[in-house]
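As provided, protein_28.txt (compact mmCIF, N, CA and C atoms) reads as follows.
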```
# COMPACT_ATOMS: atom_id res chain seq x y z
N VAL S 1115 -13.10 33.86 -13.00
CA VAL S 1115 -13.58 33.02 -14.10
C VAL S 1115 -12.95 31.64 -13.95
N GLN S 1116 -13.80 30.60 -13.95
CA GLN S 1116 -13.24 29.27 -13.82
C GLN S 1116 -14.11 28.26 -14.54
N LEU S 1117 -13.49 27.11 -14.82
CA LEU S 1117 -14.19 25.98 -15.40
C LEU S 1117 -14.20 24.86 -14.38
N GLN S 1118 -15.37 24.25 -14.21
CA GLN S 1118 -15.52 23.15 -13.26
C GLN S 1118 -15.87 21.89 -14.02
N ALA S 1119 -14.95 20.93 -14.01
CA ALA S 1119 -15.17 19.66 -14.67
C ALA S 1119 -15.55 18.61 -13.64
N SER S 1120 -16.33 17.63 -14.08
CA SER S 1120 -16.72 16.54 -13.19
C SER S 1120 -17.06 15.32 -14.03
N GLY S 1121 -17.46 14.24 -13.38
CA GLY S 1121 -17.97 13.09 -14.10
C GLY S 1121 -16.99 11.96 -14.33
N GLY S 1122 -15.76 12.09 -13.92
CA GLY S 1122 -14.81 11.01 -14.13
C GLY S 1122 -15.12 9.82 -13.24
N GLY S 1123 -14.43 8.72 -13.50
CA GLY S 1123 -14.63 7.54 -12.68
C GLY S 1123 -14.09 6.31 -13.37
N LEU S 1124 -14.46 5.17 -12.80
CA LEU S 1124 -14.03 3.87 -13.32
C LEU S 1124 -15.14 3.27 -14.15
N VAL S 1125 -14.80 2.78 -15.33
CA VAL S 1125 -15.79 2.17 -16.21
C VAL S 1125 -15.14 0.99 -16.92
N GLN S 1126 -15.93 -0.02 -17.21
CA GLN S 1126 -15.41 -1.19 -17.90
C GLN S 1126 -15.26 -0.91 -19.40
N PRO S 1127 -14.37 -1.62 -20.05
CA PRO S 1127 -14.25 -1.47 -21.51
C PRO S 1127 -15.60 -1.71 -22.18
N GLY S 1128 -15.89 -0.86 -23.14
CA GLY S 1128 -17.18 -0.94 -23.82
C GLY S 1128 -18.26 -0.11 -23.16
N GLY S 1129 -17.98 0.41 -22.00
CA GLY S 1129 -18.96 1.19 -21.26
C GLY S 1129 -19.00 2.64 -21.69
N SER S 1130 -19.84 3.41 -21.01
CA SER S 1130 -20.04 4.83 -21.34
C SER S 1130 -19.86 5.69 -20.10
N LEU S 1131 -19.51 6.93 -20.36
CA LEU S 1131 -19.32 7.90 -19.28
C LEU S 1131 -19.53 9.28 -19.86
N GLY S 1132 -20.04 10.20 -19.03
CA GLY S 1132 -20.24 11.57 -19.48
C GLY S 1132 -19.46 12.55 -18.62
N LEU S 1133 -18.89 13.55 -19.26
CA LEU S 1133 -18.10 14.55 -18.55
C LEU S 1133 -18.72 15.93 -18.77
N PRO S 1134 -19.33 16.51 -17.74
CA PRO S 1134 -19.82 17.88 -17.85
C PRO S 1134 -18.74 18.88 -17.44
N CYS S 1135 -18.84 20.07 -18.01
CA CYS S 1135 -17.93 21.16 -17.65
C CYS S 1135 -18.75 22.44 -17.64
N ALA S 1136 -18.64 23.20 -16.57
CA ALA S 1136 -19.42 24.42 -16.44
C ALA S 1136 -18.49 25.61 -16.21
N ALA S 1137 -18.80 26.70 -16.89
CA ALA S 1137 -18.04 27.93 -16.71
C ALA S 1137 -18.78 28.83 -15.73
N SER S 1138 -18.04 29.46 -14.85
CA SER S 1138 -18.65 30.36 -13.88
C SER S 1138 -17.78 31.60 -13.70
N GLY S 1139 -18.37 32.63 -13.12
CA GLY S 1139 -17.65 33.88 -12.94
C GLY S 1139 -18.21 34.96 -13.84
N SER S 1140 -17.45 36.02 -13.97
CA SER S 1140 -17.90 37.16 -14.76
C SER S 1140 -17.20 37.18 -16.11
N PHE S 1141 -17.94 36.95 -17.18
CA PHE S 1141 -17.37 37.01 -18.52
C PHE S 1141 -18.45 37.42 -19.50
N ILE S 1142 -18.01 37.83 -20.66
CA ILE S 1142 -18.94 38.34 -21.67
C ILE S 1142 -19.42 37.23 -22.58
N ALA S 1143 -18.51 36.36 -23.00
CA ALA S 1143 -18.86 35.31 -23.95
C ALA S 1143 -17.87 34.17 -23.85
N ILE S 1144 -18.30 33.02 -24.34
CA ILE S 1144 -17.43 31.86 -24.45
C ILE S 1144 -17.31 31.50 -25.92
N HIS S 1145 -16.08 31.41 -26.39
CA HIS S 1145 -15.87 31.06 -27.79
C HIS S 1145 -15.69 29.55 -27.89
N ARG S 1146 -14.54 29.12 -28.25
CA ARG S 1146 -14.26 27.69 -28.40
C ARG S 1146 -14.19 27.00 -27.03
N MET S 1147 -14.78 25.82 -26.94
CA MET S 1147 -14.66 24.97 -25.75
C MET S 1147 -14.09 23.62 -26.20
N ALA S 1148 -13.34 22.99 -25.34
CA ALA S 1148 -12.71 21.74 -25.75
C ALA S 1148 -12.39 20.86 -24.56
N TRP S 1149 -12.22 19.59 -24.84
CA TRP S 1149 -11.72 18.62 -23.87
C TRP S 1149 -10.35 18.14 -24.33
N TYR S 1150 -9.42 18.10 -23.41
CA TYR S 1150 -8.10 17.53 -23.64
C TYR S 1150 -7.90 16.38 -22.65
N ARG S 1151 -6.95 15.55 -22.94
CA ARG S 1151 -6.63 14.50 -21.98
C ARG S 1151 -5.13 14.24 -21.97
N ARG S 1152 -4.68 13.76 -20.83
CA ARG S 1152 -3.29 13.34 -20.69
C ARG S 1152 -3.33 11.88 -20.31
N THR S 1153 -2.81 11.02 -21.17
CA THR S 1153 -2.83 9.57 -20.93
C THR S 1153 -1.44 9.10 -20.54
N PRO S 1154 -1.35 7.88 -20.00
CA PRO S 1154 -0.02 7.37 -19.60
C PRO S 1154 0.97 7.27 -20.76
N LEU S 1155 0.48 7.06 -21.98
CA LEU S 1155 1.39 6.85 -23.11
C LEU S 1155 1.62 8.10 -23.94
N LYS S 1156 0.75 9.07 -23.84
CA LYS S 1156 0.86 10.24 -24.70
C LYS S 1156 0.94 11.51 -23.89
N ARG S 1157 1.47 12.50 -24.52
CA ARG S 1157 1.39 13.82 -23.94
C ARG S 1157 -0.04 14.30 -24.07
N ARG S 1158 -0.32 15.49 -23.56
CA ARG S 1158 -1.68 16.01 -23.62
C ARG S 1158 -2.13 16.10 -25.07
N GLU S 1159 -3.34 15.66 -25.33
CA GLU S 1159 -3.90 15.71 -26.68
C GLU S 1159 -5.31 16.26 -26.63
N MET S 1160 -5.69 16.91 -27.70
CA MET S 1160 -7.04 17.42 -27.82
C MET S 1160 -7.96 16.25 -28.15
N VAL S 1161 -9.03 16.09 -27.42
CA VAL S 1161 -9.99 15.02 -27.63
C VAL S 1161 -11.12 15.49 -28.54
N ALA S 1162 -11.72 16.61 -28.19
CA ALA S 1162 -12.84 17.14 -28.97
C ALA S 1162 -12.97 18.62 -28.67
N SER S 1163 -13.45 19.37 -29.65
CA SER S 1163 -13.69 20.79 -29.46
C SER S 1163 -15.01 21.18 -30.11
N ILE S 1164 -15.56 22.30 -29.63
CA ILE S 1164 -16.82 22.77 -30.18
C ILE S 1164 -16.80 24.30 -30.17
N GLU S 1165 -17.16 24.88 -31.31
CA GLU S 1165 -17.21 26.33 -31.44
C GLU S 1165 -18.56 26.85 -30.92
N HIS S 1166 -18.65 28.16 -30.80
CA HIS S 1166 -19.90 28.75 -30.29
C HIS S 1166 -21.07 28.42 -31.20
N ASP S 1167 -20.81 28.27 -32.50
CA ASP S 1167 -21.88 27.96 -33.45
C ASP S 1167 -22.18 26.47 -33.54
N GLY S 1168 -21.47 25.67 -32.74
CA GLY S 1168 -21.75 24.24 -32.71
C GLY S 1168 -20.85 23.38 -33.58
N MET S 1169 -19.96 23.99 -34.33
CA MET S 1169 -19.05 23.22 -35.17
C MET S 1169 -18.11 22.42 -34.29
N THR S 1170 -17.95 21.14 -34.59
CA THR S 1170 -17.16 20.25 -33.75
C THR S 1170 -15.94 19.70 -34.48
N ASN S 1171 -15.00 19.25 -33.69
CA ASN S 1171 -13.79 18.61 -34.21
C ASN S 1171 -13.39 17.53 -33.22
N TYR S 1172 -12.93 16.39 -33.75
CA TYR S 1172 -12.57 15.27 -32.90
C TYR S 1172 -11.20 14.71 -33.26
N ALA S 1173 -10.54 14.17 -32.25
CA ALA S 1173 -9.33 13.40 -32.51
C ALA S 1173 -9.73 12.12 -33.24
N ASP S 1174 -8.87 11.66 -34.14
CA ASP S 1174 -9.18 10.45 -34.89
C ASP S 1174 -9.46 9.27 -33.97
N SER S 1175 -8.80 9.21 -32.86
CA SER S 1175 -8.92 8.07 -31.95
C SER S 1175 -10.29 7.98 -31.27
N VAL S 1176 -11.04 9.07 -31.26
CA VAL S 1176 -12.34 9.05 -30.56
C VAL S 1176 -13.52 9.31 -31.49
N ARG S 1177 -13.23 9.68 -32.74
CA ARG S 1177 -14.31 10.01 -33.67
C ARG S 1177 -15.23 8.80 -33.83
N GLY S 1178 -16.53 9.05 -33.71
CA GLY S 1178 -17.51 7.98 -33.82
C GLY S 1178 -17.87 7.35 -32.48
N ARG S 1179 -17.05 7.61 -31.47
CA ARG S 1179 -17.35 7.07 -30.13
C ARG S 1179 -17.69 8.17 -29.13
N PHE S 1180 -17.11 9.33 -29.29
CA PHE S 1180 -17.34 10.45 -28.38
C PHE S 1180 -18.20 11.50 -29.08
N ALA S 1181 -18.96 12.23 -28.29
CA ALA S 1181 -19.77 13.32 -28.81
C ALA S 1181 -19.69 14.51 -27.86
N ILE S 1182 -19.33 15.66 -28.40
CA ILE S 1182 -19.24 16.88 -27.60
C ILE S 1182 -20.43 17.77 -27.91
N SER S 1183 -20.95 18.42 -26.88
CA SER S 1183 -22.07 19.33 -27.06
C SER S 1183 -21.93 20.48 -26.07
N ARG S 1184 -22.71 21.52 -26.27
CA ARG S 1184 -22.67 22.66 -25.36
C ARG S 1184 -24.04 23.30 -25.27
N ASP S 1185 -24.25 23.97 -24.15
CA ASP S 1185 -25.48 24.73 -23.95
C ASP S 1185 -25.03 26.16 -23.68
N ASN S 1186 -25.13 27.01 -24.68
CA ASN S 1186 -24.64 28.38 -24.54
C ASN S 1186 -25.41 29.17 -23.49
N ALA S 1187 -26.67 28.85 -23.30
CA ALA S 1187 -27.48 29.56 -22.31
C ALA S 1187 -27.04 29.24 -20.88
N LYS S 1188 -26.52 28.04 -20.70
CA LYS S 1188 -26.10 27.61 -19.36
C LYS S 1188 -24.59 27.62 -19.19
N ASN S 1189 -23.87 28.02 -20.23
CA ASN S 1189 -22.40 28.08 -20.18
C ASN S 1189 -21.80 26.73 -19.79
N THR S 1190 -22.33 25.68 -20.39
CA THR S 1190 -21.85 24.34 -20.08
C THR S 1190 -21.47 23.59 -21.34
N MET S 1191 -20.65 22.59 -21.13
CA MET S 1191 -20.19 21.72 -22.21
C MET S 1191 -20.29 20.29 -21.70
N TYR S 1192 -20.50 19.35 -22.60
CA TYR S 1192 -20.67 17.96 -22.18
C TYR S 1192 -19.95 17.05 -23.18
N LEU S 1193 -19.21 16.09 -22.64
CA LEU S 1193 -18.55 15.09 -23.49
C LEU S 1193 -19.16 13.73 -23.18
N GLU S 1194 -19.85 13.18 -24.14
CA GLU S 1194 -20.40 11.84 -24.00
C GLU S 1194 -19.40 10.86 -24.59
N MET S 1195 -18.99 9.89 -23.80
CA MET S 1195 -17.99 8.92 -24.22
C MET S 1195 -18.61 7.53 -24.24
N ASN S 1196 -18.60 6.91 -25.40
CA ASN S 1196 -19.19 5.59 -25.57
C ASN S 1196 -18.12 4.60 -26.05
N ASN S 1197 -18.42 3.32 -25.87
CA ASN S 1197 -17.51 2.26 -26.30
C ASN S 1197 -16.08 2.56 -25.83
N LEU S 1198 -15.96 2.85 -24.56
CA LEU S 1198 -14.66 3.24 -24.01
C LEU S 1198 -13.66 2.10 -24.07
N LYS S 1199 -12.42 2.48 -24.30
CA LYS S 1199 -11.32 1.52 -24.42
C LYS S 1199 -10.28 1.79 -23.33
N PRO S 1200 -9.49 0.80 -22.97
CA PRO S 1200 -8.45 1.03 -21.95
C PRO S 1200 -7.53 2.20 -22.31
N GLU S 1201 -7.27 2.40 -23.59
CA GLU S 1201 -6.39 3.50 -24.00
C GLU S 1201 -7.03 4.87 -23.84
N ASP S 1202 -8.30 4.92 -23.49
CA ASP S 1202 -8.95 6.19 -23.18
C ASP S 1202 -8.67 6.63 -21.74
N THR S 1203 -8.05 5.76 -20.98
CA THR S 1203 -7.72 6.09 -19.60
C THR S 1203 -6.80 7.30 -19.53
N GLY S 1204 -7.13 8.22 -18.65
CA GLY S 1204 -6.30 9.41 -18.51
C GLY S 1204 -7.01 10.47 -17.69
N VAL S 1205 -6.33 11.59 -17.55
CA VAL S 1205 -6.91 12.75 -16.88
C VAL S 1205 -7.47 13.68 -17.96
N TYR S 1206 -8.73 14.00 -17.85
CA TYR S 1206 -9.42 14.83 -18.83
C TYR S 1206 -9.57 16.26 -18.30
N TYR S 1207 -9.27 17.21 -19.16
CA TYR S 1207 -9.33 18.63 -18.79
C TYR S 1207 -10.26 19.37 -19.74
N CYS S 1208 -11.11 20.21 -19.19
CA CYS S 1208 -11.88 21.08 -20.07
C CYS S 1208 -11.14 22.40 -20.23
N ASN S 1209 -11.38 23.02 -21.36
CA ASN S 1209 -10.65 24.22 -21.75
C ASN S 1209 -11.61 25.12 -22.52
N ALA S 1210 -11.46 26.41 -22.34
CA ALA S 1210 -12.34 27.33 -23.07
C ALA S 1210 -11.69 28.68 -23.27
N ASP S 1211 -12.08 29.33 -24.33
CA ASP S 1211 -11.68 30.71 -24.58
C ASP S 1211 -12.83 31.60 -24.09
N LEU S 1212 -12.59 32.33 -23.03
CA LEU S 1212 -13.62 33.19 -22.45
C LEU S 1212 -13.23 34.65 -22.64
N ARG S 1213 -14.23 35.46 -22.96
CA ARG S 1213 -13.97 36.88 -23.15
C ARG S 1213 -14.39 37.66 -21.93
N THR S 1214 -13.45 38.37 -21.36
CA THR S 1214 -13.75 39.35 -20.31
C THR S 1214 -13.42 40.71 -20.92
N ALA S 1215 -12.46 41.42 -20.37
CA ALA S 1215 -11.99 42.64 -21.03
C ALA S 1215 -11.15 42.26 -22.24
N SER S 1216 -10.63 41.07 -22.23
CA SER S 1216 -9.89 40.50 -23.35
C SER S 1216 -10.20 39.02 -23.42
N TRP S 1217 -9.60 38.31 -24.37
CA TRP S 1217 -9.83 36.87 -24.47
C TRP S 1217 -8.86 36.15 -23.52
N ASN S 1218 -9.41 35.18 -22.80
CA ASN S 1218 -8.60 34.40 -21.86
C ASN S 1218 -8.80 32.92 -22.14
N ASN S 1219 -7.70 32.18 -22.22
CA ASN S 1219 -7.79 30.74 -22.34
C ASN S 1219 -7.73 30.14 -20.94
N VAL S 1220 -8.80 29.44 -20.56
CA VAL S 1220 -8.94 28.96 -19.19
C VAL S 1220 -9.00 27.44 -19.16
N TRP S 1221 -8.32 26.86 -18.17
CA TRP S 1221 -8.35 25.41 -17.97
C TRP S 1221 -9.11 25.06 -16.70
N GLY S 1222 -9.89 23.98 -16.77
CA GLY S 1222 -10.50 23.44 -15.58
C GLY S 1222 -9.57 22.45 -14.92
N GLN S 1223 -9.92 22.01 -13.71
CA GLN S 1223 -9.11 21.00 -13.06
C GLN S 1223 -9.37 19.67 -13.77
N GLY S 1224 -8.45 18.76 -13.70
CA GLY S 1224 -8.61 17.49 -14.38
C GLY S 1224 -9.56 16.56 -13.66
N THR S 1225 -10.14 15.66 -14.43
CA THR S 1225 -10.98 14.62 -13.85
C THR S 1225 -10.49 13.28 -14.42
N LEU S 1226 -10.28 12.31 -13.55
CA LEU S 1226 -9.67 11.04 -13.95
C LEU S 1226 -10.71 10.08 -14.51
N VAL S 1227 -10.42 9.55 -15.68
CA VAL S 1227 -11.23 8.51 -16.30
C VAL S 1227 -10.38 7.25 -16.39
N THR S 1228 -10.87 6.17 -15.81
CA THR S 1228 -10.15 4.90 -15.83
C THR S 1228 -11.03 3.85 -16.50
N VAL S 1229 -10.51 3.27 -17.58
CA VAL S 1229 -11.24 2.23 -18.30
C VAL S 1229 -10.52 0.91 -18.06
N SER S 1230 -11.15 0.06 -17.28
CA SER S 1230 -10.49 -1.18 -16.88
C SER S 1230 -11.53 -2.20 -16.44
N SER S 1231 -11.21 -3.45 -16.67
CA SER S 1231 -12.10 -4.52 -16.21
C SER S 1231 -11.65 -5.02 -14.85
```
Since I need it in another form, could you write the structure as structure tokens?
Amino acid sequence: VQLQASGGGLVQPGGSLGLPCAASGSFIAIHRMAWYRRTPLKRREMVASIEHDGMTNYADSVRGRFAISRDNAKNTMYLEMNNLKPEDTGVYYCNADLRTASWNNVWGQGTLVTVSS
């Protein structure tokens, strides 16, 4: 069971970027999915999360600029990031609670997002 994140890159301030994350392997269900990030100034922080029923939660710093969504049929999650700021620069990680014989909290590899002119 693994999570595959992609979509990072370099973007100018005010620009947009999307981060997809896909779950693969053998599992029964995916519960909560989330994006975290580690920035140069902060420890790892939760950016956005989404429950299986679609309920979302956002960090105050990104609310109104980022949007998280998921496709339960395709076992994927997507983070749309708009009006990006230099302080959004960091390594972004997808995370999910996947059920196999038990519940497992799984991390994807990080993807680097750099916001700079």
### Query
Within 8 Å of (-23.4, 20.3, -21.3), only N, CA and C atoms: residues as an NGL selection string?
:S and (1133-1136 or 1182-1186 or 1188-1193)
### Message
Quick check, in Å to one decimal: how far apart do atom CA of Ala1173 of chain S and atom CA of Gly1224 of chain S lie?
### Response
18.6 Å
Interface rows for segment 1143-1200 of chain S against segment 1212-1219 of chain S: nearest pair, Å to one decimal, 9 Å, only C-alpha atoms, as a tab-separated table:
```
residue	atom	partner	partner_atom	distance
S:Ala1143	CA	S:Arg1213	CA	5.2
S:Ile1144	CA	S:Leu1212	CA	4.5
S:His1145	CA	S:Leu1212	CA	6.2
S:Arg1146	CA	S:Leu1212	CA	8.1
S:Met1147	CA	S:Leu1212	CA	8.9
```
### Task
Return the single residue from S:Met1169, S:Val1205, S:Ala1210, S:Met1195 that is closest to Pro1154 of chain S, with distances computed using only N, CA and C atoms.
S:Val1205
## Note on the structure
atom CA of Arg1151 of chain S sits from atom N of Gly1139 of chain S at a separation of 23.3 Å
### Task
Within 7 Å of (-12.7, -1.3, -18.9) (coordinates as in the file), grab all the protein and nucleic acid residues, counting only N, CA and C atoms, and write them out as a PyMOL selection string.
chain S and resi 1125-1129+1198-1200+1228-1231
Using N, CA and C atoms, can you write the selected residues to a file as a JSON list (two decimals), in the frame of the given file?
```json
[["chain", "number", "residue", "atom", "x", "y", "z"],
["S", 1125, "VAL", "N", -14.80, 2.78, -15.33],
["S", 1125, "VAL", "CA", -15.79, 2.17, -16.21],
["S", 1125, "VAL", "C", -15.14, 0.99, -16.92],
["S", 1126, "GLN", "N", -15.93, -0.02, -17.21],
["S", 1126, "GLN", "CA", -15.41, -1.19, -17.90],
["S", 1126, "GLN", "C", -15.26, -0.91, -19.40],
["S", 1127, "PRO", "N", -14.37, -1.62, -20.05],
["S", 1127, "PRO", "CA", -14.25, -1.47, -21.51],
["S", 1127, "PRO", "C", -15.60, -1.71, -22.18],
["S", 1128, "GLY", "N", -15.89, -0.86, -23.14],
["S", 1128, "GLY", "CA", -17.18, -0.94, -23.82],
["S", 1128, "GLY", "C", -18.26, -0.11, -23.16],
["S", 1129, "GLY", "N", -17.98, 0.41, -22.00],
["S", 1129, "GLY", "CA", -18.96, 1.19, -21.26],
["S", 1129, "GLY", "C", -19.00, 2.64, -21.69],
["S", 1198, "LEU", "N", -15.96, 2.85, -24.56],
["S", 1198, "LEU", "CA", -14.66, 3.24, -24.01],
["S", 1198, "LEU", "C", -13.66, 2.10, -24.07],
["S", 1199, "LYS", "N", -12.42, 2.48, -24.30],
["S", 1199, "LYS", "CA", -11.32, 1.52, -24.42],
["S", 1199, "LYS", "C", -10.28, 1.79, -23.33],
["S", 1200, "PRO", "N", -9.49, 0.80, -22.97],
["S", 1200, "PRO", "CA", -8.45, 1.03, -21.95],
["S", 1200, "PRO", "C", -7.53, 2.20, -22.31],
["S", 1228, "THR", "N", -10.87, 6.17, -15.81],
["S", 1228, "THR", "CA", -10.15, 4.90, -15.83],
["S", 1228, "THR", "C", -11.03, 3.85, -16.50],
["S", 1229, "VAL", "N", -10.51, 3.27, -17.58],
["S", 1229, "VAL", "CA", -11.24, 2.23, -18.30],
["S", 1229, "VAL", "C", -10.52, 0.91, -18.06],
["S", 1230, "SER", "N", -11.15, 0.06, -17.28],
["S", 1230, "SER", "CA", -10.49, -1.18, -16.88],
["S", 1230, "SER", "C", -11.53, -2.20, -16.44],
["S", 1231, "SER", "N", -11.21, -3.45, -16.67],
["S", 1231, "SER", "CA", -12.10, -4.52, -16.21],
["S", 1231, "SER", "C", -11.65, -5.02, -14.85]]
```
Could you work out an axis-aligned bounding box for all listed atoms of segment 1168-1186 of chain S, with 5 Å added on each of the six sides, and give its centre and edge lengths in Å to one decimal, as AutoDock Vina command-line options?
```
--center_x -17.1 --center_y 18.1 --center_z -29.3 --size_x 26.7 --size_y 32.1 --size_z 21.7
```
### Message
If DSSP is run on the backbone, what residues of chain S are strand (DSSP E or B)? A reply as a PyMOL selection string would be ideal.
### Response
chain S and resi 1116-1119+1123-1125+1131-1138+1143-1152+1159-1164+1170-1172+1177+1180-1185+1190-1195+1204-1213+1217-1221+1225-1229
### Task
Measuring atom to atom with only C-alpha atoms, identify which of S:Ala1137, S:Gln1223, S:Gly1168, S:Leu1131 is nearest to Phe1180 of chain S.
S:Leu1131
### Task
Have a look at S:Cys1208, S:Glu1159, S:Gln1118, S:Asn1171 and name the one nearest to Ser1138 of chain S; count only C-alpha atoms.
S:Gln1118
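Comparing S:Val1161, S:Leu1226, S:Leu1124, S:Leu1117 by their smallest distance to Ser1175 of chain S, the closest is S:Val1161 (using all atoms listed in the file).
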### Query
In terms of the shortest atom-to-atom distance over all atoms listed in the file, which of S:Ile1142, S:Ala1187, S:Val1227, S:Ala1148 is closest to Gly1204 of chain S?
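Of the candidates, the smallest distance to Gly1204 of chain S is held by S:Val1227.
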### Message
Report, in Å to a single decimal, how far apart atom N of Val1220 of chain S and atom CA of Arg1177 of chain S are.
### Response
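Separating atom CA of Arg1177 of chain S from atom N of Val1220 of chain S is a distance of 24.1 Å.
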